[in-house]
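The structure under discussion appears below in the form of structure tokens.
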Amino acid sequence: MSDRAALLKGIRAWLVFFVVCLVLSGATAFPLVHELRWAESLLRSLSVPEHLPGLMHWIARVRQGLDATDAEYPFVLYGTDWLAFAHLVIAVAFWGPYRDPVRNIWVVEFGMIACAGVVPLALVCGPVRGIPFWWTVVDLSFGVFGVLPLWVVRRKIQRLAAT
């Protein structure tokens with residue numbers, strides 16, 4: 001296999017990994033109410049409340065809030081439907097670099113900028129919305145871990161462009 005073919009194969013593998021994660025992240029925003037009920041039940045069955053009471057308190061609080069919102073104001077959850085849709089649309093954008101990485105490196109760079117934007121958003125909006133700091137760290141991880149495969153892809157694309 002030529003160096004160029006190996007680079008292209010690596011770029012595409014990382015892009016597929018990133019897109020799958022993006023789609024899964026987005027798809028999980030649709031059934032939030034049911035997911036949280038399921039997660040709380042699972043965590044309770046695993047005796048998590050005894051080991052991580054703060055986590056269980058937070059999960060229960062969020063589940064109660066979603067249940068109340070779903071019962072009285074289900075239209076508010078429409079916002080998370082749009083969040084999910086945005087993830088799916090952004091995932092589609094990565095078809096460009098999959099097809100022609102050098103010409104569409106800007107999509108990868110856009111994704112890296114979006115990942116960087118997670119940091120100020122979480123650090124500003126988390127406290128404003130009463131999100132515990134440890135959960136803000138979980139949110140920050142999406143930006144940090146999201147940028148890593150894109151950074152690898154960008155470097156590989158630069159090497160591909162140089163060949």
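Ligands are numbered from 1 in the order shown, chains are lettered A, B, ... in the order of the structure tokens, and residues start at 1 in each chain.
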Report as a tab-separated table: every residue of segment 7-109 of chain A with an atom at most 12 Å from segment 119-133 of chain A, its closest pair of atoms, and their distance in Å to one decimal, counting only C-alpha atoms, with rows sorted by chain and ascending residue number.
```
residue	atom	partner	partner_atom	distance
A:Gly54	CA	A:Pro132	CA	9.8
A:Leu55	CA	A:Pro132	CA	9.9
A:His57	CA	A:Pro132	CA	11.1
A:Trp58	CA	A:Pro132	CA	8.4
A:Ile59	CA	A:Pro132	CA	11.4
A:Arg61	CA	A:Ile131	CA	11.1
A:Val62	CA	A:Ile131	CA	10.1
```
May I have the selected residues written with all heavy atoms, as a PDB file, in the first residue's frame?
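Okay, this is what ended up in selection_28.pdb:
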```pdb
ATOM      1  N   GLY A  54     -23.742  11.817  45.252  1.00  0.00           N
ATOM      2  CA  GLY A  54     -23.869  13.090  44.537  1.00  0.00           C
ATOM      3  C   GLY A  54     -24.322  12.887  43.104  1.00  0.00           C
ATOM      4  O   GLY A  54     -25.177  13.626  42.601  1.00  0.00           O
ATOM      5  N   LEU A  55     -23.769  11.879  42.456  1.00  0.00           N
ATOM      6  CA  LEU A  55     -24.173  11.566  41.083  1.00  0.00           C
ATOM      7  C   LEU A  55     -25.641  11.156  41.043  1.00  0.00           C
ATOM      8  O   LEU A  55     -26.409  11.631  40.204  1.00  0.00           O
ATOM      9  CB  LEU A  55     -23.305  10.442  40.511  1.00  0.00           C
ATOM     10  CG  LEU A  55     -23.730   9.899  39.149  1.00  0.00           C
ATOM     11  CD1 LEU A  55     -23.623  10.974  38.074  1.00  0.00           C
ATOM     12  CD2 LEU A  55     -22.908   8.678  38.788  1.00  0.00           C
ATOM     13  N   HIS A  57     -28.004  11.860  43.191  1.00  0.00           N
ATOM     14  CA  HIS A  57     -28.860  13.009  43.478  1.00  0.00           C
ATOM     15  C   HIS A  57     -29.043  13.849  42.212  1.00  0.00           C
ATOM     16  O   HIS A  57     -30.160  14.284  41.902  1.00  0.00           O
ATOM     17  CB  HIS A  57     -28.262  13.847  44.609  1.00  0.00           C
ATOM     18  CG  HIS A  57     -29.021  15.105  44.868  1.00  0.00           C
ATOM     19  ND1 HIS A  57     -30.265  15.106  45.461  1.00  0.00           N
ATOM     20  CD2 HIS A  57     -28.732  16.400  44.575  1.00  0.00           C
ATOM     21  CE1 HIS A  57     -30.710  16.359  45.522  1.00  0.00           C
ATOM     22  NE2 HIS A  57     -29.794  17.156  44.992  1.00  0.00           N
ATOM     23  N   TRP A  58     -27.958  14.071  41.487  1.00  0.00           N
ATOM     24  CA  TRP A  58     -28.027  14.871  40.267  1.00  0.00           C
ATOM     25  C   TRP A  58     -28.881  14.173  39.206  1.00  0.00           C
ATOM     26  O   TRP A  58     -29.738  14.798  38.573  1.00  0.00           O
ATOM     27  CB  TRP A  58     -26.625  15.163  39.738  1.00  0.00           C
ATOM     28  CG  TRP A  58     -26.637  15.917  38.457  1.00  0.00           C
ATOM     29  CD1 TRP A  58     -26.234  15.478  37.237  1.00  0.00           C
ATOM     30  CD2 TRP A  58     -27.110  17.256  38.248  1.00  0.00           C
ATOM     31  NE1 TRP A  58     -26.419  16.448  36.295  1.00  0.00           N
ATOM     32  CE2 TRP A  58     -26.958  17.555  36.887  1.00  0.00           C
ATOM     33  CE3 TRP A  58     -27.654  18.225  39.089  1.00  0.00           C
ATOM     34  CZ2 TRP A  58     -27.315  18.778  36.341  1.00  0.00           C
ATOM     35  CZ3 TRP A  58     -28.017  19.462  38.541  1.00  0.00           C
ATOM     36  CH2 TRP A  58     -27.846  19.722  37.187  1.00  0.00           C
ATOM     37  N   ILE A  59     -28.664  12.883  38.994  1.00  0.00           N
ATOM     38  CA  ILE A  59     -29.444  12.134  38.001  1.00  0.00           C
ATOM     39  C   ILE A  59     -30.932  12.186  38.357  1.00  0.00           C
ATOM     40  O   ILE A  59     -31.781  12.424  37.492  1.00  0.00           O
ATOM     41  CB  ILE A  59     -28.960  10.664  37.906  1.00  0.00           C
ATOM     42  CG1 ILE A  59     -27.523  10.593  37.384  1.00  0.00           C
ATOM     43  CG2 ILE A  59     -29.903   9.813  37.056  1.00  0.00           C
ATOM     44  CD1 ILE A  59     -27.334  10.999  35.947  1.00  0.00           C
ATOM     45  N   ARG A  61     -32.487  14.439  40.171  1.00  0.00           N
ATOM     46  CA  ARG A  61     -32.978  15.811  40.008  1.00  0.00           C
ATOM     47  C   ARG A  61     -33.252  16.122  38.536  1.00  0.00           C
ATOM     48  O   ARG A  61     -34.288  16.698  38.187  1.00  0.00           O
ATOM     49  CB  ARG A  61     -31.978  16.797  40.598  1.00  0.00           C
ATOM     50  CG  ARG A  61     -32.397  18.226  40.446  1.00  0.00           C
ATOM     51  CD  ARG A  61     -31.345  19.170  41.006  1.00  0.00           C
ATOM     52  NE  ARG A  61     -31.539  20.477  40.455  1.00  0.00           N
ATOM     53  CZ  ARG A  61     -31.898  21.529  41.153  1.00  0.00           C
ATOM     54  NH1 ARG A  61     -32.072  21.426  42.438  1.00  0.00           N
ATOM     55  NH2 ARG A  61     -32.059  22.690  40.566  1.00  0.00           N
ATOM     56  N   VAL A  62     -32.320  15.743  37.688  1.00  0.00           N
ATOM     57  CA  VAL A  62     -32.495  15.991  36.253  1.00  0.00           C
ATOM     58  C   VAL A  62     -33.682  15.188  35.724  1.00  0.00           C
ATOM     59  O   VAL A  62     -34.495  15.694  34.945  1.00  0.00           O
ATOM     60  CB  VAL A  62     -31.198  15.668  35.471  1.00  0.00           C
ATOM     61  CG1 VAL A  62     -31.424  15.736  33.966  1.00  0.00           C
ATOM     62  CG2 VAL A  62     -30.076  16.616  35.887  1.00  0.00           C
TER      63      VAL A  62
END
```
As a list in words, please: the residues near Arg44 of chain A (cut-off 12 Å, only C-alpha atoms, same-chain neighbours under 4 positions excluded). Arg37, Trp38, Ala39, Glu40, Val48, Pro49, Glu50, His51, Leu52, Pro53, Leu55, Met56, His57, Ile59 and Ala60 of chain A
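Comparing A:Arg4, A:His87, A:Arg63, A:His34 by their smallest distance to Val102 of chain A, the closest is A:Arg4 (using only C-alpha atoms).
Minimum atom-to-atom distance to Asp100 of chain A, evaluated using only C-alpha atoms, belongs to A:Ile157 out of A:Ile157, A:Met1, A:Val137, A:Met112.
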Write out, as a tab-separated table, each residue of segment 63-98 of chain A that has an atom at most 8 Å from segment 11-23 of chain A, together with the closest pair of atoms and their distance in Å to one decimal, counting only C-alpha atoms, rows going by chain and rising number.
```
residue	atom	partner	partner_atom	distance
A:His87	CA	A:Leu22	CA	6.0
A:Leu88	CA	A:Val23	CA	5.6
A:Ala91	CA	A:Val19	CA	5.3
A:Phe94	CA	A:Leu15	CA	7.2
A:Tyr98	CA	A:Arg12	CA	5.6
```
Export, as a PDB file, in the first residue's frame, the selected residues with C-alpha atoms.
```pdb
ATOM      1  CA  HIS A  87     -25.398  16.874  15.585  1.00  0.00           C
ATOM      2  CA  LEU A  88     -26.713  14.867  12.641  1.00  0.00           C
ATOM      3  CA  ALA A  91     -22.008  14.739  10.932  1.00  0.00           C
ATOM      4  CA  PHE A  94     -17.845  15.384   7.307  1.00  0.00           C
ATOM      5  CA  TYR A  98     -14.129  11.796   3.749  1.00  0.00           C
TER       6      TYR A  98
END
```
What separates atom CA of Val107 of chain A and atom CA of Leu83 of chain A is a distance of 19.2 Å
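Take atom CA of Gly79 of chain A and atom CA of Ala93 of chain A: the distance between them is 21.3 Å.
From atom CA of Phe145 of chain A back to atom CA of Gly117 of chain A, the distance works out to 12.9 Å.
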Report as an NGL selection string all protein, DNA and RNA residues lying within 12 Å of Trp151 of chain A, evaluated on only C-alpha atoms, omitting residues in the same chain fewer than 2 positions from it. :A and (11 or 14-15 or 18 or 105 or 107-113 or 115-116 or 143-149 or 153-158)
Can you pull out every residue from segment 64-109 of chain A that DSSP, working from the backbone, puts in alpha helix (DSSP H), and format the result as a VMD selection string? chain A and resid 64 to 72 78 to 93 95 to 99 105 to 109
Identify, on the basis of only C-alpha atoms, every residue whose closest approach to Phe85 of chain A does not exceed 12 Å; exclude the query and any residue fewer than 3 positions from it along the same chain; express the result as a ChimeraX atom specification. /A:22-30,78-82,88-92
Which residue out of A:Leu36, A:Leu46, A:Val118, A:Leu66 has the minimum interatomic distance to Thr136 of chain A when only C-alpha atoms are used?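 Result for the nearest residue to Thr136 of chain A: A:Val118.
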Identify which of the residues A:Ala114, A:Leu160, A:Leu42, A:Pro74 lies closest to Phe142 of chain A, counting only C-alpha atoms when measuring atom-to-atom distances.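 Under the stated criterion, the closest residue is A:Ala114.
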